[in-house]
file my_file_34.tsv (TSV, C-alpha atoms and all ligand atoms)
chain	number	residue	atom	x	y	z
A	1	MET	CA	0.00	0.00	0.00
A	2	PRO	CA	1.69	3.24	-1.10
A	3	ALA	CA	2.21	5.86	1.65
A	4	ILE	CA	-0.01	8.41	-0.13
A	5	ASP	CA	-2.79	8.41	-2.71
A	6	PHE	CA	-3.45	11.48	-4.88
A	7	LYS	CA	-6.50	11.97	-7.08
A	8	VAL	CA	-7.43	14.86	-9.35
A	9	ILE	CA	-11.07	15.47	-8.44
A	10	LYS	CA	-11.79	18.17	-11.01
A	11	GLN	CA	-9.87	20.02	-13.70
A	12	ASP	CA	-10.76	23.74	-13.92
A	13	GLY	CA	-12.75	24.80	-16.99
A	14	THR	CA	-10.28	27.19	-18.61
A	15	THR	CA	-6.99	26.98	-16.65
A	16	ALA	CA	-4.45	24.34	-15.53
A	17	ALA	CA	-5.79	24.66	-11.96
A	18	ARG	CA	-7.10	21.39	-10.49
A	19	LEU	CA	-8.93	20.27	-7.38
A	20	GLY	CA	-7.19	17.30	-5.75
A	21	SER	CA	-7.38	14.96	-2.78
A	22	LEU	CA	-4.17	13.74	-1.11
A	23	THR	CA	-4.59	10.88	1.37
A	24	THR	CA	-1.77	10.29	3.86
A	25	PRO	CA	-1.45	7.97	6.92
A	26	HIS	CA	-2.47	10.97	9.08
A	27	GLY	CA	-5.46	12.15	7.10
A	28	THR	CA	-6.70	13.40	3.73
A	29	ILE	CA	-5.84	16.86	2.39
A	30	ALA	CA	-7.89	18.86	-0.12
A	31	THR	CA	-5.60	20.55	-2.66
A	32	PRO	CA	-4.57	23.21	-3.68
A	33	ILE	CA	-3.27	23.61	-0.15
A	34	PHE	CA	-1.07	26.04	1.77
A	35	MET	CA	1.20	24.40	4.37
A	36	PRO	CA	2.19	26.54	7.39
A	37	VAL	CA	5.88	26.24	8.28
A	38	GLY	CA	6.63	24.96	11.80
A	39	THR	CA	10.44	25.08	11.65
A	40	GLN	CA	11.23	23.90	15.21
A	41	ALA	CA	8.23	21.56	15.61
A	42	THR	CA	5.90	24.47	16.25
A	43	VAL	CA	4.08	26.93	14.01
A	44	LYS	CA	5.21	29.91	16.06
A	45	ALA	CA	2.61	31.36	18.48
A	46	MET	CA	-0.12	28.84	17.61
A	47	THR	CA	-1.24	25.65	19.40
A	48	PRO	CA	-2.12	22.63	17.22
A	49	GLU	CA	-5.80	23.09	18.14
A	50	GLU	CA	-5.66	26.73	16.96
A	51	LEU	CA	-3.97	25.62	13.74
A	52	ARG	CA	-6.85	23.24	13.12
A	53	GLU	CA	-9.34	26.02	13.87
A	54	VAL	CA	-7.80	28.37	11.28
A	55	GLY	CA	-8.01	25.54	8.72
A	56	ALA	CA	-4.48	24.12	8.61
A	57	GLN	CA	-4.52	20.59	7.16
A	58	ILE	CA	-0.80	19.78	6.90
A	59	ILE	CA	2.20	21.50	8.47
A	60	LEU	CA	5.92	21.56	7.69
A	61	ALA	CA	8.86	20.93	9.99
A	62	ASN	CA	12.52	21.56	9.35
A	63	THR	CA	14.91	18.62	9.34
A	64	TYR	CA	18.01	20.81	9.66
A	65	HIS	CA	16.76	22.65	12.75
A	66	LEU	CA	15.43	19.51	14.47
A	67	TYR	CA	18.63	17.61	13.69
A	68	ILE	CA	20.65	20.39	15.35
A	69	ARG	CA	18.19	20.77	18.26
A	70	PRO	CA	16.81	18.67	20.03
A	71	GLY	CA	18.23	15.96	17.72
A	72	HIS	CA	16.26	13.64	15.44
A	73	GLU	CA	17.05	10.54	17.54
A	74	LEU	CA	15.52	12.20	20.62
A	75	VAL	CA	12.33	13.05	18.67
A	76	GLY	CA	12.29	9.47	17.36
A	77	ARG	CA	12.68	8.03	20.89
A	78	LEU	CA	9.76	10.21	22.03
A	79	GLY	CA	7.45	8.75	19.40
A	80	GLY	CA	8.17	11.00	16.42
A	81	LEU	CA	6.96	14.48	15.49
A	82	HIS	CA	3.20	13.82	15.66
A	83	GLU	CA	3.50	12.68	19.28
A	84	PHE	CA	6.23	15.20	20.18
A	85	MET	CA	4.30	18.27	18.99
A	86	HIS	CA	0.80	16.89	19.54
A	87	TRP	CA	-0.19	17.45	15.91
A	88	PRO	CA	-2.44	14.60	14.65
A	89	GLY	CA	-2.56	15.69	10.99
A	90	PRO	CA	-0.12	15.16	8.11
A	91	ILE	CA	3.44	16.52	8.41
A	92	LEU	CA	5.95	17.20	5.63
A	93	THR	CA	9.64	17.59	6.41
A	94	ASP	CA	12.25	19.17	4.17
A	95	SER	CA	15.54	17.33	3.67
A	96	GLY	CA	17.72	20.01	5.22
A	97	GLY	CA	19.74	20.76	2.10
A	98	PHE	CA	18.23	24.19	1.56
A	99	GLN	CA	18.63	25.23	5.19
A	100	VAL	CA	22.26	24.11	5.26
A	101	PHE	CA	22.93	26.27	2.18
A	102	SER	CA	21.03	29.26	3.50
A	103	LEU	CA	21.93	29.02	7.20
A	104	GLY	CA	25.29	27.32	7.64
A	105	GLU	CA	28.21	29.75	7.52
A	106	LEU	CA	30.87	27.42	6.23
A	107	ARG	CA	29.75	24.55	4.11
A	108	LYS	CA	31.50	22.22	1.72
A	109	ILE	CA	29.57	20.32	-0.92
A	110	THR	CA	31.06	17.06	-2.19
A	111	GLU	CA	29.63	14.12	-4.12
A	112	ASP	CA	29.10	12.36	-0.82
A	113	GLY	CA	27.16	15.11	0.93
A	114	VAL	CA	27.50	18.47	2.70
A	115	ARG	CA	29.81	19.38	5.57
A	116	PHE	CA	28.60	22.41	7.51
A	117	GLN	CA	28.77	24.27	10.80
A	118	SER	CA	25.81	24.50	13.16
A	119	HIS	CA	24.27	27.98	13.24
A	120	LEU	CA	23.90	27.50	17.00
A	121	ASP	CA	27.37	26.63	18.24
A	122	GLY	CA	29.58	26.36	15.16
A	123	SER	CA	30.08	22.60	15.65
A	124	TYR	CA	30.87	20.63	12.49
A	125	HIS	CA	28.32	18.27	10.91
A	126	PHE	CA	27.91	16.19	7.76
A	127	ILE	CA	24.69	15.27	5.97
A	128	SER	CA	24.56	12.82	3.08
A	129	PRO	CA	21.46	11.73	1.16
A	130	GLU	CA	21.44	8.59	3.32
A	131	ASN	CA	21.63	10.65	6.54
A	132	ALA	CA	18.84	12.93	5.31
A	133	MET	CA	16.61	9.87	4.87
A	134	ALA	CA	17.52	8.48	8.30
A	135	ILE	CA	16.85	11.85	9.98
A	136	GLN	CA	13.45	12.24	8.28
A	137	GLU	CA	12.55	8.63	9.06
A	138	ALA	CA	13.29	9.24	12.75
A	139	LEU	CA	11.18	12.43	12.71
A	140	GLY	CA	8.33	10.44	11.23
A	141	GLY	CA	6.73	12.90	8.80
A	142	ASP	CA	4.21	11.58	6.28
A	143	ILE	CA	5.95	13.18	3.29
A	144	ILE	CA	9.73	13.51	3.16
A	145	MET	CA	11.94	15.29	0.65
A	146	CYS	CA	15.01	14.18	-1.26
A	147	PHE	CA	18.34	15.72	-0.28
A	148	ASP	CA	19.04	18.27	-2.98
A	149	GLU	CA	21.25	21.22	-3.78
A	150	CYS	CA	19.44	24.51	-4.30
A	151	PRO	CA	21.86	26.59	-6.41
A	152	PRO	CA	22.20	30.22	-5.32
A	153	TYR	CA	20.56	32.83	-7.56
A	154	PRO	CA	21.99	33.93	-9.89
A	155	SER	CA	24.43	31.14	-10.77
A	156	GLU	CA	26.47	30.40	-13.89
A	157	TYR	CA	24.75	28.05	-16.35
A	158	ALA	CA	27.59	25.53	-15.98
A	159	TYR	CA	27.20	25.54	-12.18
A	160	VAL	CA	23.43	24.99	-12.38
A	161	GLU	CA	23.91	22.15	-14.89
A	162	LYS	CA	26.54	20.45	-12.72
A	163	SER	CA	24.38	20.98	-9.61
A	164	LEU	CA	21.28	19.37	-11.11
A	165	GLY	CA	23.35	16.29	-11.93
A	166	LEU	CA	24.39	16.05	-8.27
A	167	THR	CA	20.77	16.52	-7.17
A	168	THR	CA	19.70	13.65	-9.45
A	169	ARG	CA	22.46	11.32	-8.17
A	170	TRP	CA	21.52	12.27	-4.59
A	171	ALA	CA	17.84	11.63	-5.38
A	172	ARG	CA	18.71	8.11	-6.58
A	173	ARG	CA	20.63	7.47	-3.34
A	174	CYS	CA	17.66	8.79	-1.33
A	175	LYS	CA	15.27	6.44	-3.04
A	176	GLU	CA	17.64	3.48	-2.57
A	177	SER	CA	18.11	4.16	1.15
A	178	HIS	CA	14.52	5.18	1.97
A	179	ALA	CA	13.16	2.35	4.09
A	180	ARG	CA	9.84	3.41	5.66
A	181	THR	CA	6.94	2.44	3.38
A	182	ASP	CA	4.53	4.61	5.39
A	183	GLN	CA	6.43	7.75	4.31
A	184	ALA	CA	6.04	9.24	0.84
A	185	LEU	CA	9.25	10.48	-0.82
A	186	PHE	CA	9.13	13.50	-3.14
A	187	GLY	CA	11.81	14.34	-5.71
A	188	ILE	CA	12.90	18.00	-6.03
A	189	VAL	CA	13.33	19.46	-9.52
A	190	GLN	CA	16.24	21.87	-9.89
A	191	GLY	CA	17.80	23.47	-12.99
A	192	GLY	CA	17.78	27.15	-12.05
A	193	MET	CA	15.94	29.46	-14.47
A	194	HIS	CA	16.83	27.47	-17.60
A	195	ARG	CA	13.98	25.63	-19.29
A	196	GLU	CA	16.14	22.85	-20.81
A	197	LEU	CA	17.85	22.19	-17.45
A	198	ARG	CA	14.52	22.15	-15.61
A	199	GLU	CA	13.12	19.68	-18.14
A	200	ARG	CA	16.25	17.50	-17.84
A	201	SER	CA	16.02	17.51	-14.03
A	202	ALA	CA	12.30	16.60	-14.13
A	203	ALA	CA	12.89	13.81	-16.68
A	204	GLU	CA	15.77	12.31	-14.65
A	205	LEU	CA	13.67	12.34	-11.44
A	206	MET	CA	10.61	10.82	-13.17
A	207	GLU	CA	12.90	8.10	-14.54
A	208	ILE	CA	13.85	7.23	-10.93
A	209	GLY	CA	10.19	7.53	-9.84
A	210	PHE	CA	8.85	9.34	-6.76
A	211	ASP	CA	5.52	9.70	-4.92
A	212	GLY	CA	5.32	13.38	-5.83
A	213	TYR	CA	7.46	16.13	-7.33
A	214	ALA	CA	8.53	19.47	-5.89
A	215	LEU	CA	9.88	22.50	-7.71
A	216	GLY	CA	12.97	23.67	-5.81
A	217	GLY	CA	15.37	26.50	-6.57
A	218	LEU	CA	12.68	29.21	-6.53
A	219	SER	CA	11.92	32.01	-4.09
A	220	VAL	CA	15.66	32.57	-3.87
A	221	GLY	CA	15.61	36.27	-4.81
A	222	GLU	CA	14.55	35.95	-8.46
A	223	GLU	CA	12.06	38.40	-10.02
A	224	LYS	CA	8.42	37.31	-9.87
A	225	GLU	CA	8.18	37.16	-13.66
A	226	LEU	CA	11.01	34.61	-13.70
A	227	MET	CA	9.36	32.61	-10.88
A	228	TYR	CA	6.07	32.54	-12.81
A	229	GLU	CA	7.81	31.61	-16.06
A	230	VAL	CA	9.59	28.63	-14.46
A	231	MET	CA	6.36	27.47	-12.76
A	232	GLY	CA	4.57	27.85	-16.10
A	233	TYR	CA	6.79	25.51	-18.09
A	234	CYS	CA	7.55	23.05	-15.27
A	235	ALA	CA	4.01	22.04	-14.20
A	236	PRO	CA	3.02	20.48	-17.56
A	237	VAL	CA	6.11	18.24	-17.69
A	238	LEU	CA	5.37	16.72	-14.24
A	239	PRO	CA	3.01	13.71	-13.93
A	240	VAL	CA	-0.60	14.93	-14.09
A	241	ASP	CA	-1.78	12.33	-11.54
A	242	GLN	CA	0.83	13.03	-8.84
A	243	PRO	CA	1.15	15.93	-6.37
A	244	ARG	CA	3.07	18.99	-7.56
A	245	TYR	CA	4.63	21.11	-4.76
A	246	VAL	CA	6.37	24.48	-5.24
A	247	MET	CA	8.78	24.99	-2.34
A	248	GLY	CA	8.90	28.33	-0.55
A	249	ILE	CA	6.08	29.96	-2.52
A	250	GLY	CA	4.89	32.51	-1.57
A	251	ALA	CA	2.98	35.75	-1.34
A	252	PRO	CA	-0.81	35.44	-1.91
A	253	GLU	CA	-0.50	36.42	-5.59
A	254	ASP	CA	2.24	33.79	-6.01
A	255	LEU	CA	-0.13	31.10	-4.73
A	256	ILE	CA	-2.80	32.24	-7.21
A	257	GLU	CA	-0.24	32.04	-10.06
A	258	GLY	CA	1.04	28.67	-8.83
A	259	ILE	CA	-2.50	27.22	-8.78
A	260	HIS	CA	-3.11	28.77	-12.20
A	261	ALA	CA	-0.02	26.94	-13.50
A	262	GLY	CA	-1.25	23.59	-12.11
A	263	PHE	CA	0.55	23.22	-8.76
A	264	ASP	CA	-1.13	21.66	-5.75
A	265	MET	CA	1.02	22.36	-2.64
A	266	PHE	CA	2.70	25.51	-1.34
A	267	ASP	CA	4.66	26.58	1.73
A	268	CYS	CA	6.04	29.91	2.86
A	269	VAL	CA	7.18	31.59	6.08
A	270	MET	CA	5.49	34.85	4.99
A	271	PRO	CA	2.15	34.66	6.81
A	272	THR	CA	3.77	33.68	10.11
A	273	ARG	CA	7.00	35.71	9.89
A	274	ASN	CA	5.27	38.86	8.55
A	275	ALA	CA	2.63	38.55	11.30
A	276	ARG	CA	5.33	38.86	13.98
A	277	ASN	CA	6.56	41.99	12.19
A	278	GLY	CA	3.11	43.57	12.07
A	279	MET	CA	2.64	43.00	8.29
A	280	LEU	CA	-0.91	41.73	7.83
A	281	PHE	CA	-2.57	40.38	4.70
A	282	THR	CA	-6.13	41.46	3.88
A	283	SER	CA	-8.45	41.07	0.88
A	284	PHE	CA	-7.62	44.69	-0.01
A	285	GLY	CA	-3.85	44.44	0.22
A	286	ARG	CA	-1.32	44.58	3.04
A	287	VAL	CA	-1.75	46.47	6.31
A	288	ASN	CA	1.26	47.57	8.35
A	289	ILE	CA	-0.54	47.56	11.69
A	290	LYS	CA	1.96	49.86	13.45
A	291	GLY	CA	0.87	52.72	11.16
A	292	ALA	CA	-0.35	55.86	13.00
A	293	ALA	CA	-3.48	55.86	10.81
A	294	TYR	CA	-4.83	52.91	12.84
A	295	ALA	CA	-4.34	54.50	16.28
A	296	GLU	CA	-8.08	55.15	16.78
A	297	ASP	CA	-9.46	52.86	14.07
A	298	ARG	CA	-12.22	50.78	15.67
A	299	SER	CA	-12.91	48.79	12.48
A	300	PRO	CA	-11.85	45.15	12.09
A	301	LEU	CA	-8.56	44.48	10.35
A	302	ASP	CA	-10.37	42.97	7.35
A	303	PRO	CA	-14.19	43.31	7.30
A	304	GLU	CA	-14.34	40.46	4.73
A	305	CYS	CA	-12.24	38.08	6.79
A	306	GLY	CA	-14.57	36.76	9.50
A	307	CYS	CA	-11.76	35.13	11.50
A	308	TYR	CA	-11.72	35.16	15.34
A	309	VAL	CA	-9.39	38.20	15.29
A	310	CYS	CA	-11.41	40.23	12.78
A	311	LYS	CA	-14.61	39.40	14.68
A	312	ASN	CA	-13.39	40.48	18.11
A	313	TYR	CA	-10.61	43.08	17.89
A	314	SER	CA	-10.11	46.53	16.36
A	315	ARG	CA	-7.15	47.73	14.32
A	316	ALA	CA	-6.46	50.19	17.15
A	317	TYR	CA	-6.11	47.34	19.62
A	318	LEU	CA	-3.89	45.28	17.29
A	319	ARG	CA	-1.71	48.35	16.77
A	320	HIS	CA	-1.48	48.89	20.56
A	321	LEU	CA	-0.49	45.26	21.17
A	322	TYR	CA	2.20	45.38	18.49
A	323	ARG	CA	3.68	48.68	19.64
A	324	SER	CA	3.68	47.45	23.25
A	325	GLY	CA	5.60	44.32	22.24
A	326	GLU	CA	2.85	42.15	23.68
A	327	ILE	CA	3.00	38.37	23.07
A	328	LEU	CA	-0.69	38.51	22.12
A	329	ALA	CA	0.30	40.66	19.10
A	330	SER	CA	2.21	37.72	17.58
A	331	ARG	CA	-0.60	35.33	18.40
A	332	LEU	CA	-3.49	37.40	16.95
A	333	ASN	CA	-1.49	38.59	13.92
A	334	THR	CA	-0.40	35.00	13.13
A	335	TRP	CA	-3.95	33.74	13.66
A	336	HIS	CA	-5.32	36.23	11.13
A	337	ASN	CA	-2.56	35.85	8.51
A	338	LEU	CA	-2.84	32.05	8.55
A	339	HIS	CA	-6.62	32.29	8.31
A	340	TYR	CA	-6.24	34.68	5.34
A	341	TYR	CA	-3.90	32.28	3.50
A	342	LEU	CA	-5.89	29.14	4.28
A	343	ASN	CA	-9.22	30.80	3.48
A	344	LEU	CA	-7.80	32.00	0.14
A	345	MET	CA	-7.02	28.33	-0.62
A	346	THR	CA	-10.56	27.30	0.39
A	347	GLN	CA	-12.00	29.94	-1.96
A	348	ALA	CA	-9.64	28.81	-4.75
A	349	ARG	CA	-10.75	25.18	-4.30
A	350	GLU	CA	-14.41	26.25	-4.44
A	351	ALA	CA	-13.74	28.26	-7.62
A	352	ILE	CA	-12.01	25.29	-9.27
A	353	GLY	CA	-14.89	23.03	-8.17
A	354	ALA	CA	-17.25	25.44	-9.97
A	355	GLY	CA	-14.96	25.58	-13.02
A	356	ARG	CA	-14.43	29.31	-12.59
A	357	PHE	CA	-10.85	29.68	-11.30
A	358	GLY	CA	-10.09	32.06	-14.20
A	359	GLU	CA	-12.77	34.48	-12.97
A	360	PHE	CA	-11.68	33.99	-9.33
A	361	ARG	CA	-8.12	34.98	-10.30
A	362	LYS	CA	-9.39	38.17	-11.99
A	363	GLU	CA	-11.54	39.06	-8.93
A	364	PHE	CA	-8.53	38.48	-6.64
A	365	TYR	CA	-6.47	41.09	-8.51
A	366	ALA	CA	-9.37	43.53	-8.95
A	367	LYS	CA	-9.97	43.72	-5.18
A	368	ARG	CA	-6.38	44.21	-4.10
A	369	PHE	CA	-4.63	47.56	-3.69
A	370	SER	CA	-8.02	49.10	-3.06
A	371	LEU	CA	-6.85	49.98	0.47
B	1	LIG	N1	14.93	21.14	-0.17
B	1	LIG	C1	14.65	22.37	-0.67
B	1	LIG	N2	13.94	23.25	0.09
B	1	LIG	C2	13.69	24.49	-0.41
B	1	LIG	C3	12.98	25.43	0.40
B	1	LIG	C4	12.54	25.11	1.82
B	1	LIG	C5	11.08	24.74	1.89
B	1	LIG	C6	10.71	24.24	3.28
B	1	LIG	C7	10.18	22.97	3.43
B	1	LIG	C8	9.85	22.50	4.71
B	1	LIG	C9	10.07	23.30	5.83
B	1	LIG	C10	10.60	24.58	5.67
B	1	LIG	C11	10.93	25.05	4.40
B	1	LIG	C12	12.75	26.71	-0.13
B	1	LIG	N3	12.16	27.78	0.43
B	1	LIG	C13	12.22	28.78	-0.48
B	1	LIG	N4	12.81	28.35	-1.64
B	1	LIG	C14	13.17	27.06	-1.42
B	1	LIG	C15	13.84	26.13	-2.24
B	1	LIG	C16	14.12	24.86	-1.73
B	1	LIG	C17	14.86	23.87	-2.50
B	1	LIG	O1	15.28	24.12	-3.65
B	1	LIG	N5	15.10	22.67	-1.93
B	2	ZN	ZN	-9.05	37.99	10.05
call {"tool": "encode", "arguments": {"input": "my_file_34.tsv", "output": "structure tokens"}}
result
Amino acid sequence: MPAIDFKVIKQDGTTAARLGSLTTPHGTIATPIFMPVGTQATVKAMTPEELREVGAQIILANTYHLYIRPGHELVGRLGGLHEFMHWPGPILTDSGGFQVFSLGELRKITEDGVRFQSHLDGSYHFISPENAMAIQEALGGDIIMCFDECPPYPSEYAYVEKSLGLTTRWARRCKESHARTDQALFGIVQGGMHRELRERSAAELMEIGFDGYALGGLSVGEEKELMYEVMGYCAPVLPVDQPRYVMGIGAPEDLIEGIHAGFDMFDCVMPTRNARNGMLFTSFGRVNIKGAAYAEDRSPLDPECGCYVCKNYSRAYLRHLYRSGEILASRLNTWHNLHYYLNLMTQAREAIGAGRFGEFRKEFYAKRFSL
């Protein structure tokens, strides 16, 4: 019995958007879906029950961070991530490659793996594709990712080409060493911003065969047009009947464009990280809650939102909490931003179900920036 089962429920009438259902050992997910990031086995400022209440179906945890602290073996000995963080739903863990590249000061990439220094205490570590599988197997997520190299942006063509070859060889080693049959393994397509390299990376990974395919190497500082272009030509080359996940994407408009291109799964630190910095998403655009304009504004943050925060608190109060450095500011801001993202996905799924995602996408843009 495969670890996951994905079905396309409905193809949108006029776009590549599709409604899907992804069944995992910890529950079934309706796609397109946004996955909140819980880097250190917690989606910051939210309890698992609150995450459920705002509509989270699947959450992400970070292999690199949990390997460094408290250690993947410890989490494994305590029953794995679901038990450890009291989250009963599906969990996806990244392989750690990206974090090592973006966090570790000194790192050395060789055919065998990556040597790096801990961002906490500078101690030296080494992760190979085989280690990355063992770490994710100990953590116990339902979907795990291949160990890949995400080339910096911009990179020389020759570097990107060489790097995608390494990512493919590492992906093969991941598949060979992946033991747990109750964990799905996703391949990660690289190839930078070059169509022929992206297509080669996708073809090599499909040749090896994975339970789903992620688009890596994006949201690394490239212009949005480039991000959309790569998403546009990559979705159609990936298997139509398997999950397609774009890593690290993105702002609300990026999710709309990713769905429009035919992707099913998204993750980004934006809604949670921006919340803690007072940057709030609303149907009319972004609100910087510390702005003086909101000092005596009794209206809800977003009258169209309907979440617990928008039903019970004023902009003036949210501004006061943020400026006073209150813990409740992070909690209420995160609550609302996650509800905004997850509700946007619910609306997108309803639009696809009604075969009108094209119109939904137009309405989304028409309403924004009307703040
Ligand atoms: N393995 C990998 N991860 C990436 C992430 C982290 C997503 C993630 C997954 C799970 C938990 C946290 C983060 C990226 N985030 C932005 N761009 C990204 C690119 C890559 C990539 O190319 N490869
Ligand atoms: Zn709200």
call {"tool": "closest_residue", "arguments": {"input": "my_file_34.tsv", "among": "A:Ala351, A:Val75, A:Ala16, A:Val287", "to": "A:Gln40", "atoms": "all atoms listed in the file"}}
result
A:Val75
call {"tool": "residues_around", "arguments": {"input": "my_file_34.tsv", "residues": "A:Leu51", "least_positions_apart": "6", "cutoff": "12 Å", "atoms": "only C-alpha atoms", "output": "list in words"}}
result
Met35, Pro36, Val37, Gly38, Thr42, Val43, Lys44, Ala45, Gln57, Ile58, Ile59, His86, Trp87, Pro88, Gly89, Thr272, Arg331, Thr334, Trp335, His336, Asn337, Leu338, His339 and Leu342 of chain A
call {"tool": "closest_residue", "arguments": {"input": "my_file_34.tsv", "among": "A:His194, A:Ser123, A:Arg77, A:Thr39", "to": "A:Tyr157", "atoms": "all atoms listed in the file"}}
result
A:His194
call {"tool": "axis_aligned_box", "arguments": {"input": "my_file_34.tsv", "around": "stretch 213-227 of chain A", "padding_each_side": "4 Å", "output": "AutoDock Vina command-line options"}}
result
--center_x 11.6 --center_y 27.3 --center_z -8.8 --size_x 16.2 --size_y 30.3 --size_z 17.8
call {"tool": "closest_residue", "arguments": {"input": "my_file_34.tsv", "among": "A:His119, A:Arg319, A:Phe98, A:Leu22", "to": "A:Gly217", "atoms": "only C-alpha atoms"}}
result
A:Phe98
call {"tool": "closest_atom_pairs", "arguments": {"input": "my_file_34.tsv", "of": "stretch 113-223 of chain A", "to": "stretch 235-241 of chain A", "cutoff": "12 Å", "atoms": "all atoms listed in the file", "output": "JSON lines"}}
result
{"residue": "A:Gly187", "atom": "CA", "partner": "A:Leu238", "partner_atom": "CA", "distance": 10.9}
{"residue": "A:Ile188", "atom": "CA", "partner": "A:Leu238", "partner_atom": "CA", "distance": 11.2}
{"residue": "A:Val189", "atom": "CA", "partner": "A:Leu238", "partner_atom": "CA", "distance": 9.7}
{"residue": "A:Arg195", "atom": "CA", "partner": "A:Val237", "partner_atom": "CA", "distance": 10.9}
{"residue": "A:Glu196", "atom": "CA", "partner": "A:Val237", "partner_atom": "CA", "distance": 11.5}
{"residue": "A:Arg198", "atom": "CA", "partner": "A:Val237", "partner_atom": "CA", "distance": 9.5}
{"residue": "A:Glu199", "atom": "CA", "partner": "A:Val237", "partner_atom": "CA", "distance": 7.2}
{"residue": "A:Arg200", "atom": "CA", "partner": "A:Val237", "partner_atom": "CA", "distance": 10.2}
{"residue": "A:Ser201", "atom": "CA", "partner": "A:Val237", "partner_atom": "CA", "distance": 10.6}
{"residue": "A:Ala202", "atom": "CA", "partner": "A:Leu238", "partner_atom": "CA", "distance": 6.9}
{"residue": "A:Ala203", "atom": "CA", "partner": "A:Val237", "partner_atom": "CA", "distance": 8.2}
{"residue": "A:Glu204", "atom": "CA", "partner": "A:Leu238", "partner_atom": "CA", "distance": 11.3}
{"residue": "A:Leu205", "atom": "CA", "partner": "A:Leu238", "partner_atom": "CA", "distance": 9.8}
{"residue": "A:Met206", "atom": "CA", "partner": "A:Leu238", "partner_atom": "CA", "distance": 8.0}
{"residue": "A:Glu207", "atom": "CA", "partner": "A:Pro239", "partner_atom": "CA", "distance": 11.4}
{"residue": "A:Gly209", "atom": "CA", "partner": "A:Pro239", "partner_atom": "CA", "distance": 10.3}
{"residue": "A:Phe210", "atom": "CA", "partner": "A:Pro239", "partner_atom": "CA", "distance": 10.2}
{"residue": "A:Asp211", "atom": "CA", "partner": "A:Pro239", "partner_atom": "CA", "distance": 10.2}
{"residue": "A:Gly212", "atom": "CA", "partner": "A:Pro239", "partner_atom": "CA", "distance": 8.4}
{"residue": "A:Tyr213", "atom": "CA", "partner": "A:Leu238", "partner_atom": "CA", "distance": 7.2}
{"residue": "A:Ala214", "atom": "CA", "partner": "A:Leu238", "partner_atom": "CA", "distance": 9.3}
{"residue": "A:Leu215", "atom": "CA", "partner": "A:Ala235", "partner_atom": "CA", "distance": 8.8}
call {"tool": "closest_residue", "arguments": {"input": "my_file_34.tsv", "among": "A:Ile68, A:Ser330, A:Gln11, A:Ser283", "to": "A:Asp121", "atoms": "only C-alpha atoms"}}
result
A:Ile68
call {"tool": "residues_near_ligand", "arguments": {"input": "my_file_34.tsv", "ligand": "ligand LIG 1 (chain B)", "cutoff": "7 Å", "atoms": "all atoms listed in the file", "output": "number ranges by chain"}}
result
A: 37, 39, 60-62, 92-99, 145, 147-150, 188, 190, 215-220, 247-249, 267-268
call {"tool": "residues_near_point", "arguments": {"input": "my_file_34.tsv", "point": "(-1.9, 8.1, -1.3)", "cutoff": "12 Å", "atoms": "only C-alpha atoms", "output": "PyMOL selection string"}}
result
chain A and resi 1-8+20-29+90+142-143+181-185+211-212+241-243
call {"tool": "residues_near_ligand", "arguments": {"input": "my_file_34.tsv", "ligand": "ligand ZN 2 (chain B)", "cutoff": "12 Å", "atoms": "only C-alpha atoms and all ligand atoms", "output": "ChimeraX atom specification"}}
result
/A:54,275,280-283,287,299-315,318,332-344
call {"tool": "atom_distance", "arguments": {"input": "my_file_34.tsv", "atom1": "atom CA of A:Phe266", "atom2": "atom CA of A:Ile9"}}
result
18.5 Å
call {"tool": "atom_distance", "arguments": {"input": "my_file_34.tsv", "atom1": "atom CA of A:Ser163", "atom2": "atom CA of A:Ile91"}}
result
28.0 Å
call {"tool": "closest_residue", "arguments": {"input": "my_file_34.tsv", "among": "A:Leu120, A:Met270, A:Ala329, A:Ala354", "to": "A:Asp254", "atoms": "only C-alpha atoms"}}
result
A:Met270
call {"tool": "closest_residue", "arguments": {"input": "my_file_34.tsv", "among": "A:Arg349, A:Arg368, A:Lys362, A:Lys224", "to": "A:Ile259", "atoms": "only C-alpha atoms"}}
result
A:Arg349
call {"tool": "atom_distance", "arguments": {"input": "my_file_34.tsv", "atom1": "atom CA of A:Val114", "atom2": "atom CA of A:Glu176"}}
result
18.7 Å
call {"tool": "residues_around", "arguments": {"input": "my_file_34.tsv", "residues": "A:Ile135", "least_positions_apart": "2", "cutoff": "8 Å", "atoms": "all atoms listed in the file", "output": "VMD selection string"}}
result
chain A and resid 63 67 72 to 73 131 to 133 137 to 139
call {"tool": "residues_around", "arguments": {"input": "my_file_34.tsv", "residues": "A:Arg107", "least_positions_apart": "5", "cutoff": "9 Å", "atoms": "all atoms listed in the file", "output": "list in words"}}
result
Val100, Phe101, Val114, Arg115, Phe116 and Gln117 of chain A
